[in-house]
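Participant: Please find one structure pasted underneath; my questions will follow.
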Amino acid sequence: MEIRSTTDEDRDVFVDTVHAAFGHFPETPVDGGGLWWSALETDRCLLALTADGKPVGTASAYSFELTLPGGALVPVSGVTSVGVLPSHRRRGVLSAMMRRQLGDLKARGEFLSVLLASEAPIYGRYGYGPATYTGRLTVQRHRAALAAPRADDAAGAQDVRATRGAPGADAGTIEILRRAECGEILEQVYDRYRRTQPGALSRPHRWWELRAGQPPISPAPRYIAVHRDDDGVPDGYASYAIESGALTVDETIAGDDAVFTALARFLLGHDLVSRVVFKHVPPQHPLRWQLADFRAGEVSNDTDWLWVRLLDVPGALTARAWPVDGELVLDVRDPFLGDHGRYALTVRDGKADCAPTDRAPDLSLDVRDLGSLYLGGTAPSTLVRAGHIRAHHPSAAALADALFRTDLSPHCLHWF
Ligand SMILES: CC(=O)SCCNC(=O)CCNC(=O)[C@H](O)C(C)(C)COP(=O)(O)OP(=O)(O)OC[C@H]1O[C@@H](n2cnc3c(N)ncnc32)[C@H](O)[C@@H]1OP(=O)(O)O
């Protein structure tokens with residue numbers, strides 16, 4: 001079997017092979033763009049071919065920027081379009097492609113790779129661990145009143161007042177636009193948002209230009225509620241559609257919590273719908289707590305989203321910011337790439353130094369588990385309790401929890 005990168009001439013073969021691997025028939029072109037294949041970077045696509053030249057496997061990667069805890073923006077590969085024809089599965093084609101791809105990424109000097117997994121059992125063996133999580137919040141519209149905030153209530157004991165639809169309750173304005181009327185507003189608002197949100201990925205201009213991906217990028221019909229601040233500057237949007245009595249929100253992008261609340265209040269106030277479904281709500285999002293009736297919101301589709309793979313442990317650990325000072329010795333195994341390293345992580349004033357050491361380890365872990373911890377979305381103590389990470393003394397897990405924690409939970413809602 002041969003694995004080689006593609007050229008522009010291979011594009012149709014590559015896309016046909018991906019479709020066949022996923023059990024789809026070839027797509028007919030969509031008027032005005034919208035094929036997410038259009039954003040593929042040909043030189044980052046791999047084809048696996050049999051000895052007689054038949055294409056049987058595909059893998060690719062997009063060039064994104066990832067926001068780390070503390071706000072550093074780093075280049076990452078967004079692995080995608082991974083597929084093997086049903087006729088050639090379980091013969092090691094994927095493993096061969098992953099080995100080639102990880103080698104290529106390291107050779108490019110990248111220290112992180114990310115992906116969205118079609119099935120959870122596939123990618124742990126290649127060193128990827130689930131690192132961000134997401135869910136869907138469904139709110140019954142007739143129970144959707146938001147509670148008034150209590151933080152500034154000096155008495156501290158007043159009853160919750162329902163404020164749904166209360167005029168002037170939120171600062172700024174909301175305008176409903178059609179997708180085609182939005183110009184570059186969505187791209188600009190999204191870009192400002194993702195730079196401050198750990199775990200968020202850039203959406204390169206090319207994606208918006210080509211209308212690649214899912215709403216609100218794609219040409220699928222959607223209403224867009226654009227929020228503007230008191231100076232008229234757009235600082236949030238929600239993309240949504242109404243069908244069969246349900247208002248479904250693809251994504252709510254907000255510069256801060258107050259803008260999110262204003263958009264949520266607007267969406268929850270719609271007549272003629274029985275429920276409002278917010279997709280991509282991260283765990284512990286305050287919206288659930290803002291409902292006057294806590295049980296009016298039901299969380300479903302609670303699942304992993306972004307998986308992270310460290311390609312260079314010191315490079316990755318020194319790139320993110322750290323919330324407290326401390327020292328931790330990590331013994332990290334990377335079975336797929338045959339690597340093993342022991343590192344002293346020393347954090348001072350938010351920055352880490354990470355150097356090889358032969359000191360006794362605090363934690364022993366697989367690189368996939370380090371991927372899960374890296375963005376702060378998974379507590380080390382959880383993986384110790386699960387039996388995946390070994391803590392060598394009683395205080396190791398608590399120390400690691402304090403170090404890996406982030407002020408803002410990581411979240412990613414880009415689909416690729
Ligand atoms: C980032 C993305 O693009 S996600 C999309 C992934 N693609 C899909 O889901 C499309 C449909 N599925 C496929 O195309 C294929 O089944 C693939 C790509 C998932 C696997 O390709 P294969 O060539 O069969 O994998 P390969 O033979 O290299 O398997 C390697 C190991 O993974 C295991 N494995 C592969 N696929 C799966 C799976 N879906 N579930 C559980 N284990 C799996 C194999 O059993 C094997 O285990 P072993 O090393 O212990 O023997």
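As shown in the structure tokens, the chain order sets the letters A, B, ...; within each chain, residues go from 1, and ligands are also counted from 1 in the order they appear.
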At a cut-off of 6 Å around ligand 1, and using only C-alpha atoms and all ligand atoms, what residues come up? Please write them as a count of residues only.
Facilitator: 23
Participant: For His142 of chain A, list every protein, DNA or RNA residue within 10 Å, evaluated using only C-alpha atoms, and leave out those in the same chain fewer than 3 positions away; present the list as a list in words.
Facilitator: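 Selected residues are Val139, Ala145, Leu268, Gly269, Asp271, Val273, Ser274, Arg275 and Ala296 of chain A.
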Participant: Take the residues just selected and output them with C-alpha atoms as a PDB file, in the first residue's frame.
Facilitator:
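Dumped to again_12.pdb:
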ATOM      1  CA  VAL A 139     -36.159  25.042  26.864  1.00  0.00           C
ATOM      2  CA  ALA A 145     -38.815  33.134  31.786  1.00  0.00           C
ATOM      3  CA  LEU A 268     -36.818  32.523  24.166  1.00  0.00           C
ATOM      4  CA  GLY A 269     -39.401  35.241  23.613  1.00  0.00           C
ATOM      5  CA  ASP A 271     -44.256  33.364  19.721  1.00  0.00           C
ATOM      6  CA  VAL A 273     -42.841  27.953  18.964  1.00  0.00           C
ATOM      7  CA  SER A 274     -43.156  25.342  21.687  1.00  0.00           C
ATOM      8  CA  ARG A 275     -39.480  24.914  22.432  1.00  0.00           C
ATOM      9  CA  ALA A 296     -37.442  24.288  32.214  1.00  0.00           C
TER      10      ALA A 296
END
Participant: Please report, as a tab-separated table, each residue of segment 272-340 of chain A lying at most 9 Å from segment 244-261 of chain A, together with the nearest pair of atoms and the separation in Å rounded to one decimal; use only C-alpha atoms, and order rows by chain and ascending residue number.
Facilitator:
residue	atom	partner	partner_atom	distance
A:Leu272	CA	A:Gly245	CA	6.7
A:Val273	CA	A:Gly245	CA	4.4
A:Ser274	CA	A:Gly245	CA	5.4
A:Arg275	CA	A:Ala246	CA	5.1
A:Val276	CA	A:Leu247	CA	4.8
A:Val277	CA	A:Thr248	CA	4.7
A:Phe278	CA	A:Val249	CA	5.0
A:Lys279	CA	A:Asp250	CA	5.6
A:His280	CA	A:Glu251	CA	6.5
A:Val281	CA	A:Glu251	CA	8.6
A:Pro286	CA	A:Asp257	CA	8.4
A:Leu287	CA	A:Thr261	CA	7.3
A:Gln290	CA	A:Thr261	CA	8.5
Participant: Take the residues just selected and output them with C-alpha atoms as an mmCIF file, in the first residue's frame.
Facilitator:
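Here's the written file part-v9.cif:
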data_model
loop_
_atom_site.group_PDB
_atom_site.id
_atom_site.type_symbol
_atom_site.label_atom_id
_atom_site.label_comp_id
_atom_site.auth_asym_id
_atom_site.auth_seq_id
_atom_site.Cartn_x
_atom_site.Cartn_y
_atom_site.Cartn_z
ATOM 1 C CA LEU A 272 -45.595 30.331 17.864
ATOM 2 C CA VAL A 273 -42.841 27.953 18.964
ATOM 3 C CA SER A 274 -43.156 25.342 21.687
ATOM 4 C CA ARG A 275 -39.480 24.914 22.432
ATOM 5 C CA VAL A 276 -36.153 26.595 21.868
ATOM 6 C CA VAL A 277 -33.165 24.332 21.274
ATOM 7 C CA PHE A 278 -29.719 25.810 21.895
ATOM 8 C CA LYS A 279 -27.023 23.709 20.244
ATOM 9 C CA HIS A 280 -23.425 23.865 21.439
ATOM 10 C CA VAL A 281 -23.994 24.854 25.027
ATOM 11 C CA PRO A 286 -24.928 30.036 33.112
ATOM 12 C CA LEU A 287 -28.027 30.063 30.843
ATOM 13 C CA GLN A 290 -30.751 32.029 34.544
#
Participant: Could you find all residues in segment 288-410 of chain A that DSSP calls helix (DSSP H, G or I) from the backbone, and write them as a ChimeraX atom specification?
Facilitator: /A:288-290,294-296,313-319,367-374,380-385,396-404
Participant: Now that the selection is made, can you save its residues with N, CA and C atoms as a short mmCIF file (atom, residue, chain, number, x, y, z; two decimals), in the first residue's frame?
Facilitator:
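Below you can see result.cif, which holds the result:
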data_model
loop_
_atom_site.label_atom_id
_atom_site.label_comp_id
_atom_site.auth_asym_id
_atom_site.auth_seq_id
_atom_site.Cartn_x
_atom_site.Cartn_y
_atom_site.Cartn_z
N ARG A 288 -28.58 27.98 31.96
CA ARG A 288 -29.48 27.08 32.70
C ARG A 288 -29.85 27.67 34.06
N TRP A 289 -28.87 28.34 34.66
CA TRP A 289 -29.09 28.94 35.98
C TRP A 289 -29.92 30.21 35.88
N GLN A 290 -29.98 30.80 34.70
CA GLN A 290 -30.75 32.03 34.54
C GLN A 290 -32.24 31.77 34.38
N PHE A 294 -35.67 26.18 37.07
CA PHE A 294 -34.45 25.44 36.73
C PHE A 294 -34.75 24.22 35.84
N ARG A 295 -35.93 23.61 36.05
CA ARG A 295 -36.24 22.39 35.29
C ARG A 295 -36.82 22.69 33.90
N ALA A 296 -36.94 23.95 33.55
CA ALA A 296 -37.44 24.29 32.21
C ALA A 296 -36.41 23.97 31.14
N VAL A 313 5.56 17.62 23.69
CA VAL A 313 5.05 17.87 25.05
C VAL A 313 5.58 19.18 25.62
N PRO A 314 6.91 19.42 25.66
CA PRO A 314 7.37 20.71 26.22
C PRO A 314 6.84 21.90 25.42
N GLY A 315 6.82 21.78 24.09
CA GLY A 315 6.32 22.89 23.26
C GLY A 315 4.89 23.24 23.61
N ALA A 316 4.06 22.22 23.79
CA ALA A 316 2.65 22.47 24.10
C ALA A 316 2.48 23.01 25.52
N LEU A 317 3.19 22.40 26.49
CA LEU A 317 2.97 22.81 27.88
C LEU A 317 3.48 24.22 28.16
N THR A 318 4.49 24.65 27.43
CA THR A 318 5.00 26.01 27.66
C THR A 318 4.19 27.06 26.88
N ALA A 319 3.33 26.62 25.97
CA ALA A 319 2.56 27.60 25.17
C ALA A 319 1.34 28.13 25.91
N VAL A 367 -0.04 9.94 26.54
CA VAL A 367 -0.16 11.24 25.88
C VAL A 367 -1.62 11.58 25.56
N ARG A 368 -2.46 10.55 25.37
CA ARG A 368 -3.87 10.83 25.09
C ARG A 368 -4.54 11.49 26.31
N ASP A 369 -4.13 11.08 27.52
CA ASP A 369 -4.71 11.68 28.72
C ASP A 369 -4.20 13.11 28.91
N LEU A 370 -2.95 13.34 28.53
CA LEU A 370 -2.44 14.70 28.59
C LEU A 370 -3.23 15.60 27.62
N GLY A 371 -3.62 15.04 26.47
CA GLY A 371 -4.46 15.79 25.53
C GLY A 371 -5.78 16.17 26.16
N SER A 372 -6.36 15.28 26.96
CA SER A 372 -7.64 15.58 27.62
C SER A 372 -7.48 16.68 28.67
N LEU A 373 -6.32 16.70 29.35
CA LEU A 373 -6.10 17.70 30.42
C LEU A 373 -5.73 19.06 29.86
N TYR A 374 -5.13 19.07 28.67
CA TYR A 374 -4.35 20.21 28.20
C TYR A 374 -5.11 21.54 28.22
N PRO A 380 -7.46 16.42 36.10
CA PRO A 380 -6.57 15.26 36.28
C PRO A 380 -7.12 14.26 37.29
N SER A 381 -7.73 14.77 38.37
CA SER A 381 -8.23 13.85 39.41
C SER A 381 -9.30 12.91 38.85
N THR A 382 -10.06 13.37 37.85
CA THR A 382 -11.09 12.50 37.25
C THR A 382 -10.42 11.30 36.57
N LEU A 383 -9.32 11.57 35.86
CA LEU A 383 -8.66 10.47 35.14
C LEU A 383 -7.83 9.61 36.09
N VAL A 384 -7.42 10.17 37.24
CA VAL A 384 -6.80 9.33 38.27
C VAL A 384 -7.86 8.38 38.82
N ARG A 385 -9.03 8.95 39.14
CA ARG A 385 -10.10 8.11 39.70
C ARG A 385 -10.58 7.07 38.69
N ALA A 396 -0.78 14.44 44.61
CA ALA A 396 -0.42 14.71 43.21
C ALA A 396 -1.63 15.14 42.38
N ALA A 397 -2.76 14.47 42.57
CA ALA A 397 -3.93 14.79 41.74
C ALA A 397 -4.45 16.20 42.04
N ALA A 398 -4.48 16.55 43.34
CA ALA A 398 -4.98 17.89 43.71
C ALA A 398 -4.05 18.98 43.18
N LEU A 399 -2.75 18.72 43.23
CA LEU A 399 -1.78 19.68 42.70
C LEU A 399 -1.99 19.85 41.19
N ALA A 400 -2.16 18.72 40.50
CA ALA A 400 -2.39 18.79 39.05
C ALA A 400 -3.72 19.48 38.74
N ASP A 401 -4.74 19.22 39.53
CA ASP A 401 -6.03 19.90 39.32
C ASP A 401 -5.85 21.41 39.38
N ALA A 402 -5.11 21.87 40.40
CA ALA A 402 -4.93 23.32 40.58
C ALA A 402 -4.15 23.91 39.41
N LEU A 403 -3.18 23.16 38.88
CA LEU A 403 -2.35 23.69 37.80
C LEU A 403 -3.10 23.72 36.46
N PHE A 404 -3.79 22.64 36.13
CA PHE A 404 -4.40 22.55 34.80
C PHE A 404 -5.72 23.32 34.69
#
Participant: Compile the contact shell of Val233 of chain A as a PyMOL selection string: residues with an atom at most 10 Å away, counting only C-alpha atoms, same-chain residues fewer than 6 positions apart removed.
Facilitator: chain A and resi 172-173+185+189+226-227
Participant: DSSP on the backbone: what in segment 212-289 of chain A comes out strand (DSSP E), as an NGL selection string?
Facilitator: :A and (223-228 or 234-243 or 246-254 or 275-281)
Participant: When you count only C-alpha atoms, which of these residues is closest to Met1 of chain A: A:Asp302, A:Glu27, A:Glu110, A:Asp52?
Facilitator: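 Among the listed residues, the smallest separation from Met1 of chain A belongs to A:Asp52.
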Participant: Record the distance separating atom CA of Pro75 of chain A and atom CA of Ile224 of chain A, expressed in Å with one decimal.
Facilitator: 29.6 Å
Participant: Taking only C-alpha atoms into account, name the residue in A:Ala321, A:Leu311, A:Cys182, A:Leu46 that is nearest to Val347 of chain A.
Facilitator: A:Ala321
Participant: With only C-alpha atoms as the counted atoms, please give the residues lying no more than 10 Å from Ala225 of chain A, apart from itself and same-chain residues fewer than 5 positions off, as a list in words.
Facilitator: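 With the cut-off at 10 Å, the set is Thr173, Ile174, Glu175, Ile176, Leu177, Arg178, Arg179, Cys182, Gly236, Tyr237, Ala238, Ser239, Tyr240, Thr252, Leu263, Phe266 and Leu267 of chain A.
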Participant: At a cut-off of 12 Å, using only C-alpha atoms, what residues contact Val13 of chain A? Leave out same-chain residues fewer than 6 positions from it and give the result as JSON, numbers by chain.
Facilitator: {"A": [6, 7, 19, 20, 26, 42, 45, 46, 47, 48, 49, 53, 54, 55, 56, 57, 58]}
Participant: Please produce an output containing C-alpha atoms for each residue in the selection, written as a PDB file, in the first residue's frame.
Facilitator:
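What ended up in selection-v9.pdb:
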ATOM      1  CA  THR A   6      -2.508  14.785  -3.241  1.00  0.00           C
ATOM      2  CA  THR A   7      -2.384  17.432  -5.925  1.00  0.00           C
ATOM      3  CA  HIS A  19     -17.975   9.920   0.229  1.00  0.00           C
ATOM      4  CA  ALA A  20     -17.742   6.174  -0.378  1.00  0.00           C
ATOM      5  CA  PRO A  26     -21.398  11.984  -4.479  1.00  0.00           C
ATOM      6  CA  THR A  42      -4.941  19.866  -1.273  1.00  0.00           C
ATOM      7  CA  CYS A  45      -4.731  15.622   1.913  1.00  0.00           C
ATOM      8  CA  LEU A  46      -3.478  12.032   1.940  1.00  0.00           C
ATOM      9  CA  LEU A  47      -4.629   9.157  -0.267  1.00  0.00           C
ATOM     10  CA  ALA A  48      -3.990   5.506   0.562  1.00  0.00           C
ATOM     11  CA  LEU A  49      -3.697   3.398  -2.590  1.00  0.00           C
ATOM     12  CA  GLY A  53      -3.301   2.107  -7.630  1.00  0.00           C
ATOM     13  CA  LYS A  54      -6.885   1.875  -6.338  1.00  0.00           C
ATOM     14  CA  PRO A  55      -7.691   4.626  -3.796  1.00  0.00           C
ATOM     15  CA  VAL A  56      -9.026   3.068  -0.580  1.00  0.00           C
ATOM     16  CA  GLY A  57      -8.320   5.592   2.195  1.00  0.00           C
ATOM     17  CA  THR A  58      -8.254   9.321   2.859  1.00  0.00           C
TER      18      THR A  58
END
Participant: Could you state the separation of atom CA of Thr50 of chain A and atom CA of Arg4 of chain A in Å, given to one decimal place?
Facilitator: 11.4 Å
